[in-house]
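Asks: See my_file03.cif below, with mmCIF, C-alpha atoms and all ligand atoms.
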data_work
#
loop_
_atom_site.label_atom_id
_atom_site.label_comp_id
_atom_site.auth_asym_id
_atom_site.auth_seq_id
_atom_site.Cartn_x
_atom_site.Cartn_y
_atom_site.Cartn_z
CA MET K 18 -18.16 -6.15 28.36
CA ALA K 19 -19.00 -4.70 24.97
CA THR K 20 -16.54 -2.24 23.48
CA LEU K 21 -17.56 1.22 22.34
CA PHE K 22 -18.39 -0.21 18.90
CA GLY K 23 -20.42 -3.05 20.43
CA LYS K 24 -22.47 -0.33 22.13
CA ILE K 25 -22.97 1.40 18.78
CA VAL K 26 -24.31 -1.90 17.40
CA THR K 27 -26.85 -2.10 20.25
CA ARG K 28 -27.62 1.65 19.97
CA GLU K 29 -26.46 2.32 23.55
CA ILE K 30 -24.12 4.92 22.00
CA PRO K 31 -25.35 7.04 19.07
CA ALA K 32 -23.55 7.17 15.75
CA ASP K 33 -24.14 8.53 12.27
CA ILE K 34 -25.00 5.19 10.67
CA VAL K 35 -24.73 5.07 6.88
CA TYR K 36 -25.28 1.36 6.24
CA GLU K 37 -26.55 -1.68 8.09
CA ASP K 38 -27.33 -5.27 7.23
CA GLU K 39 -27.68 -8.53 9.12
CA HIS K 40 -23.94 -8.91 9.70
CA CYS K 41 -22.38 -5.47 9.75
CA LEU K 42 -22.78 -1.79 10.45
CA ALA K 43 -21.09 1.28 8.94
CA PHE K 44 -21.00 4.70 10.60
CA ARG K 45 -19.04 7.94 10.25
CA ASP K 46 -15.84 8.28 12.25
CA ILE K 47 -16.17 10.87 15.04
CA ASN K 48 -12.71 12.28 14.17
CA PRO K 49 -12.61 12.06 10.37
CA GLN K 50 -9.24 11.90 8.63
CA ALA K 51 -10.74 12.53 5.20
CA PRO K 52 -13.95 14.13 3.86
CA THR K 53 -15.44 10.61 3.83
CA HIS K 54 -14.30 8.50 6.78
CA VAL K 55 -16.55 5.60 7.64
CA LEU K 56 -15.95 2.69 9.99
CA LEU K 57 -17.33 -0.67 8.93
CA ILE K 58 -17.66 -3.26 11.67
CA PRO K 59 -18.99 -6.79 12.00
CA LYS K 60 -21.86 -7.00 14.48
CA GLN K 61 -20.10 -10.03 15.92
CA GLU K 62 -17.23 -8.83 18.06
CA ILE K 63 -13.78 -9.90 16.90
CA PRO K 64 -11.18 -7.85 18.82
CA GLN K 65 -8.67 -7.59 15.98
CA LEU K 66 -8.07 -9.11 12.58
CA ALA K 67 -5.38 -11.44 13.94
CA ASP K 68 -8.06 -13.03 16.14
CA ALA K 69 -10.26 -13.98 13.19
CA ALA K 70 -10.69 -17.72 12.67
CA PRO K 71 -11.44 -19.87 9.61
CA ALA K 72 -15.07 -19.87 10.76
CA ASP K 73 -15.09 -16.09 10.14
CA GLN K 74 -14.25 -16.47 6.44
CA LEU K 75 -17.74 -15.65 5.16
CA LEU K 76 -18.06 -12.71 7.53
CA LEU K 77 -14.73 -11.22 6.43
CA GLY K 78 -15.70 -11.56 2.78
CA HIS K 79 -19.05 -10.01 3.58
CA LEU K 80 -17.28 -7.00 5.13
CA LEU K 81 -15.28 -6.35 1.96
CA LEU K 82 -18.36 -6.63 -0.22
CA ALA K 83 -20.18 -4.27 2.15
CA ALA K 84 -17.27 -1.81 1.93
CA GLY K 85 -17.69 -1.68 -1.84
CA LYS K 86 -21.43 -1.20 -1.42
CA VAL K 87 -20.93 1.65 1.08
CA ALA K 88 -18.38 3.30 -1.24
CA ARG K 89 -20.88 3.16 -4.11
CA GLN K 90 -23.65 4.45 -1.86
CA LEU K 91 -21.52 7.41 -0.74
CA GLY K 92 -20.37 8.19 -4.29
CA VAL K 93 -16.68 7.45 -3.69
CA ALA K 94 -16.34 4.09 -5.44
CA ASP K 95 -13.83 5.49 -7.95
CA ALA K 96 -11.19 6.21 -5.27
CA PHE K 97 -11.14 5.06 -1.67
CA ARG K 98 -8.82 3.34 0.76
CA LEU K 99 -9.55 0.62 3.31
CA VAL K 100 -7.36 0.45 6.41
CA VAL K 101 -7.30 -2.09 9.22
CA ASN K 102 -5.18 -1.16 12.23
CA ASN K 103 -4.28 -4.39 14.04
CA GLY K 104 -2.78 -3.93 17.50
CA ALA K 105 -2.00 -0.87 19.60
CA ALA K 106 1.42 -0.35 18.01
CA ALA K 107 -0.31 -0.17 14.61
CA GLY K 108 -2.70 2.49 15.86
CA GLN K 109 -5.65 0.36 16.94
CA THR K 110 -7.52 2.04 19.78
CA VAL K 111 -10.88 0.25 19.70
CA PHE K 112 -10.63 -3.52 20.01
CA HIS K 113 -13.61 -4.45 17.89
CA LEU K 114 -12.46 -5.21 14.34
CA HIS K 115 -13.18 -2.35 11.95
CA LEU K 116 -12.34 -1.25 8.43
CA HIS K 117 -11.64 2.44 7.93
CA LEU K 118 -13.05 3.59 4.59
CA LEU K 119 -11.32 6.84 3.60
CA ALA K 120 -12.07 8.94 0.54
CA GLY K 121 -12.55 12.45 -0.79
CA ARG K 122 -8.96 13.68 -0.77
CA PRO K 123 -5.70 12.54 -2.40
CA LEU K 124 -4.52 9.40 -0.59
CA HIS K 125 -0.77 9.18 -0.76
CA TRP K 126 1.36 6.06 -0.77
CA PRO K 127 3.07 4.81 1.29
CA PRO K 128 0.73 5.61 4.19
CA GLY K 129 2.21 6.81 7.48
P1 LIG U 201 -8.54 2.63 15.43
O1 LIG U 201 -7.58 3.68 15.93
O2 LIG U 201 -8.89 1.62 16.51
O3 LIG U 201 -8.11 1.95 14.14
O4 LIG U 201 -9.86 3.40 15.03
C1 LIG U 201 -10.81 3.77 15.96
C2 LIG U 201 -11.57 4.91 15.34
O5 LIG U 201 -12.75 5.08 16.08
C3 LIG U 201 -10.84 6.25 15.35
O6 LIG U 201 -10.68 6.72 14.03
C4 LIG U 201 -11.75 7.16 16.18
O7 LIG U 201 -11.81 8.48 15.69
C5 LIG U 201 -13.08 6.45 16.10
N1 LIG U 201 -13.94 6.65 17.26
C6 LIG U 201 -13.57 6.62 18.56
N2 LIG U 201 -14.63 6.81 19.36
C7 LIG U 201 -15.71 6.97 18.52
C8 LIG U 201 -17.09 7.19 18.76
O8 LIG U 201 -17.57 7.29 19.89
N3 LIG U 201 -17.88 7.30 17.68
C9 LIG U 201 -17.40 7.20 16.40
N4 LIG U 201 -18.28 7.31 15.39
N5 LIG U 201 -16.09 6.98 16.14
C10 LIG U 201 -15.25 6.85 17.19
#
Write out the structure in this file as structure tokens.
Ligand code: 5GP

Replies:
Amino acid sequence: MATLFGKIVTREIPADIVYEDEHCLAFRDINPQAPTHVLLIPKQEIPQLADAAPADQLLLGHLLLAAGKVARQLGVADAFRLVVNNGAAAGQTVFHLHLHLLAGRPLHWPPG
């Protein structure tokens, strides 16, 4: 059974897609926590980062490069934050690996 994000990949569920390539998809978060809040996901379903395997090395690198590309495309490359919530206790609610790309407001440290 595909997760919600798997259904966004297959277009069964609509999303505001801002970037797509062979391996990944980026779309705006439905409940944005910053003026720019994009979710970047691999098309291949990996439930959470801790489930990634050595065979996923190229894909994970690809995701980071794509995040930089999306940040440049959206005009926020000078200041943005990437977040990966891994596990329910860390705030993960959708079990299809995703990077949150947040920008457009001051991003304080440490995060909550
Ligand atoms: P998590 O809490 O798993 O790290 O992040 C899941 C994110 O998915 C949340 O920020 C939530 O707002 C977003 N989200 C949940 N359902 C949808 C949806 O149907 N469409 C979009 N675009 N984002 C969603």

Asks: Tell me, counting all atoms listed in the file, for each residue of chain K within 12 Å of ligand LIG 201 (chain U), which pair of atoms is nearest and how far apart they are in Å to one decimal, in rows ordered by chain and increasing number, as CSV.

Replies:
residue,atom,partner,partner_atom,distance
K:Thr20,CA,U:LIG201,N2,10.1
K:Leu21,CA,U:LIG201,O8,6.5
K:Phe22,CA,U:LIG201,C8,7.5
K:Gly23,CA,U:LIG201,O8,10.7
K:Lys24,CA,U:LIG201,O8,9.3
K:Ile25,CA,U:LIG201,N3,7.9
K:Val26,CA,U:LIG201,N4,11.2
K:Arg28,CA,U:LIG201,N3,11.5
K:Glu29,CA,U:LIG201,O8,10.8
K:Ile30,CA,U:LIG201,O8,7.3
K:Pro31,CA,U:LIG201,N3,7.6
K:Ala32,CA,U:LIG201,N4,5.3
K:Asp33,CA,U:LIG201,N4,6.7
K:Ile34,CA,U:LIG201,N4,8.5
K:Val35,CA,U:LIG201,N4,10.9
K:Leu42,CA,U:LIG201,N4,11.3
K:Ala43,CA,U:LIG201,N4,9.3
K:Phe44,CA,U:LIG201,N4,6.1
K:Arg45,CA,U:LIG201,N4,5.2
K:Asp46,CA,U:LIG201,N4,4.1
K:Ile47,CA,U:LIG201,N5,4.0
K:Asn48,CA,U:LIG201,O7,4.2
K:Pro49,CA,U:LIG201,O7,6.5
K:Gln50,CA,U:LIG201,O6,7.6
K:Ala51,CA,U:LIG201,O6,10.6
K:Thr53,CA,U:LIG201,O6,11.9
K:His54,CA,U:LIG201,O6,8.3
K:Val55,CA,U:LIG201,N4,8.1
K:Leu56,CA,U:LIG201,C2,7.3
K:Leu57,CA,U:LIG201,O5,10.3
K:Ile58,CA,U:LIG201,O5,10.6
K:Pro64,CA,U:LIG201,O2,10.0
K:Gln65,CA,U:LIG201,O2,9.2
K:Leu66,CA,U:LIG201,O3,11.2
K:Leu99,CA,U:LIG201,O3,11.0
K:Val100,CA,U:LIG201,O3,7.9
K:Val101,CA,U:LIG201,O3,6.4
K:Asn102,CA,U:LIG201,O3,4.7
K:Asn103,CA,U:LIG201,O3,7.4
K:Gly104,CA,U:LIG201,O2,8.3
K:Ala105,CA,U:LIG201,O2,8.0
K:Ala106,CA,U:LIG201,O1,10.1
K:Ala107,CA,U:LIG201,O3,8.1
K:Gly108,CA,U:LIG201,O1,5.0
K:Gln109,CA,U:LIG201,O2,3.5
K:Thr110,CA,U:LIG201,O2,3.6
K:Val111,CA,U:LIG201,O2,4.0
K:Phe112,CA,U:LIG201,O2,6.5
K:His113,CA,U:LIG201,O2,7.8
K:Leu114,CA,U:LIG201,O2,8.0
K:His115,CA,U:LIG201,O3,7.0
K:Leu116,CA,U:LIG201,O3,7.8
K:His117,CA,U:LIG201,O3,7.2
K:Leu118,CA,U:LIG201,O6,10.2
K:Leu119,CA,U:LIG201,O6,10.5

Asks: Which residues are near His40 in chain K? Cut-off 9 Å, only C-alpha atoms, ignore same chain within fewer than 4 positions. Put them as an MDAnalysis selection string.

Replies: chainID K and resid 58:61 76 79:80

Asks: What's the separation between CA of Gly121 in chain K and CA of Pro52 in chain K, in Å to one decimal place?

Replies: 5.1 Å

Asks: With distances taken over all atoms listed in the file, which of K:Pro128, K:Glu62, K:Met18, K:Arg98 is nearest to Leu81 in chain K?

Replies: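 The answer is K:Arg98, which sits nearest to Leu81 in chain K.
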
Asks: Expressed in Å to a single decimal, how great is the separation between CA of His125 in chain K and CA of Asp95 in chain K?

Replies: 15.4 Å

Asks: For CA of Gly129 in chain K and CA of Ala96 in chain K, quote the distance in Å rounded to one decimal.

Replies: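 CA of Ala96 in chain K lies 18.5 Å from CA of Gly129 in chain K.
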
Asks: Would you please work out which residue, of K:Ala84, K:Ala72, K:Ile63, K:Gly92, is nearest to Ala19 in chain K when using only C-alpha atoms?

Replies: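 Ranking K:Ala84, K:Ala72, K:Ile63, K:Gly92 by distance to Ala19 in chain K, first place goes to K:Ile63.
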
Asks: Complete the atoms of range 33-44 of chain K to all heavy atoms and put them out as a tab-separated table (two decimals), keeping the file's coordinate frame.

Replies:
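Done, and the output landed in result-v9.tsv:
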chain	number	residue	atom	x	y	z
K	33	ASP	N	-23.56	8.15	13.56
K	33	ASP	CA	-24.14	8.53	12.27
K	33	ASP	C	-24.02	7.31	11.34
K	33	ASP	O	-23.03	7.15	10.64
K	33	ASP	CB	-23.38	9.75	11.73
K	33	ASP	CG	-23.97	10.28	10.44
K	33	ASP	OD1	-24.94	9.68	9.92
K	33	ASP	OD2	-23.45	11.29	9.93
K	34	ILE	N	-25.03	6.47	11.39
K	34	ILE	CA	-25.00	5.19	10.67
K	34	ILE	C	-25.34	5.42	9.20
K	34	ILE	O	-26.34	6.07	8.88
K	34	ILE	CB	-25.97	4.19	11.34
K	34	ILE	CG1	-25.44	3.85	12.74
K	34	ILE	CG2	-26.13	2.92	10.49
K	34	ILE	CD1	-26.40	3.08	13.61
K	35	VAL	N	-24.49	4.88	8.32
K	35	VAL	CA	-24.73	5.07	6.88
K	35	VAL	C	-25.14	3.77	6.21
K	35	VAL	O	-25.64	3.80	5.08
K	35	VAL	CB	-23.49	5.68	6.17
K	35	VAL	CG1	-23.18	7.07	6.72
K	35	VAL	CG2	-22.26	4.77	6.28
K	36	TYR	N	-24.93	2.65	6.85
K	36	TYR	CA	-25.28	1.36	6.24
K	36	TYR	C	-25.42	0.32	7.35
K	36	TYR	O	-24.66	0.32	8.31
K	36	TYR	CB	-24.19	0.92	5.25
K	36	TYR	CG	-24.43	-0.46	4.69
K	36	TYR	CD1	-25.31	-0.65	3.63
K	36	TYR	CD2	-23.81	-1.58	5.24
K	36	TYR	CE1	-25.56	-1.92	3.12
K	36	TYR	CE2	-24.05	-2.85	4.74
K	36	TYR	CZ	-24.93	-3.01	3.68
K	36	TYR	OH	-25.18	-4.26	3.19
K	37	GLU	N	-26.40	-0.57	7.15
K	37	GLU	CA	-26.55	-1.68	8.09
K	37	GLU	C	-27.15	-2.86	7.37
K	37	GLU	O	-28.04	-2.71	6.52
K	37	GLU	CB	-27.46	-1.28	9.26
K	37	GLU	CG	-27.66	-2.42	10.27
K	37	GLU	CD	-28.38	-1.99	11.54
K	37	GLU	OE1	-29.11	-0.97	11.51
K	37	GLU	OE2	-28.20	-2.68	12.55
K	38	ASP	N	-26.67	-4.05	7.67
K	38	ASP	CA	-27.33	-5.27	7.23
K	38	ASP	C	-27.26	-6.27	8.37
K	38	ASP	O	-26.87	-5.92	9.50
K	38	ASP	CB	-26.75	-5.77	5.89
K	38	ASP	CG	-25.30	-6.23	5.99
K	38	ASP	OD1	-24.86	-6.66	7.07
K	38	ASP	OD2	-24.60	-6.15	4.95
K	39	GLU	N	-27.60	-7.51	8.07
K	39	GLU	CA	-27.68	-8.53	9.12
K	39	GLU	C	-26.35	-8.72	9.86
K	39	GLU	O	-26.33	-9.02	11.06
K	39	GLU	CB	-28.10	-9.84	8.44
K	39	GLU	CG	-28.43	-10.97	9.36
K	39	GLU	CD	-28.70	-12.26	8.59
K	39	GLU	OE1	-28.84	-12.21	7.34
K	39	GLU	OE2	-28.77	-13.30	9.26
K	40	HIS	N	-25.25	-8.55	9.14
K	40	HIS	CA	-23.94	-8.91	9.70
K	40	HIS	C	-23.03	-7.74	10.05
K	40	HIS	O	-22.04	-7.93	10.76
K	40	HIS	CB	-23.19	-9.82	8.72
K	40	HIS	CG	-23.93	-11.08	8.41
K	40	HIS	ND1	-24.18	-12.04	9.35
K	40	HIS	CD2	-24.50	-11.51	7.27
K	40	HIS	CE1	-24.86	-13.03	8.81
K	40	HIS	NE2	-25.08	-12.73	7.54
K	41	CYS	N	-23.32	-6.57	9.51
K	41	CYS	CA	-22.38	-5.47	9.75
K	41	CYS	C	-23.07	-4.11	9.82
K	41	CYS	O	-24.26	-3.97	9.49
K	41	CYS	CB	-21.28	-5.47	8.69
K	41	CYS	SG	-21.82	-5.08	7.03
K	42	LEU	N	-22.28	-3.14	10.25
K	42	LEU	CA	-22.78	-1.79	10.45
K	42	LEU	C	-21.67	-0.83	10.00
K	42	LEU	O	-20.49	-1.08	10.24
K	42	LEU	CB	-23.03	-1.61	11.95
K	42	LEU	CG	-23.74	-0.36	12.46
K	42	LEU	CD1	-25.20	-0.39	12.01
K	42	LEU	CD2	-23.67	-0.31	13.99
K	43	ALA	N	-22.08	0.26	9.34
K	43	ALA	CA	-21.09	1.28	8.94
K	43	ALA	C	-21.57	2.64	9.45
K	43	ALA	O	-22.75	2.98	9.33
K	43	ALA	CB	-20.94	1.31	7.42
K	44	PHE	N	-20.64	3.38	10.04
K	44	PHE	CA	-21.00	4.70	10.60
K	44	PHE	C	-19.81	5.64	10.43
K	44	PHE	O	-18.66	5.21	10.30
K	44	PHE	CB	-21.39	4.57	12.08
K	44	PHE	CG	-20.41	3.83	12.94
K	44	PHE	CD1	-19.40	4.50	13.61
K	44	PHE	CD2	-20.47	2.45	13.07
K	44	PHE	CE1	-18.47	3.82	14.39
K	44	PHE	CE2	-19.55	1.74	13.84
K	44	PHE	CZ	-18.55	2.43	14.50
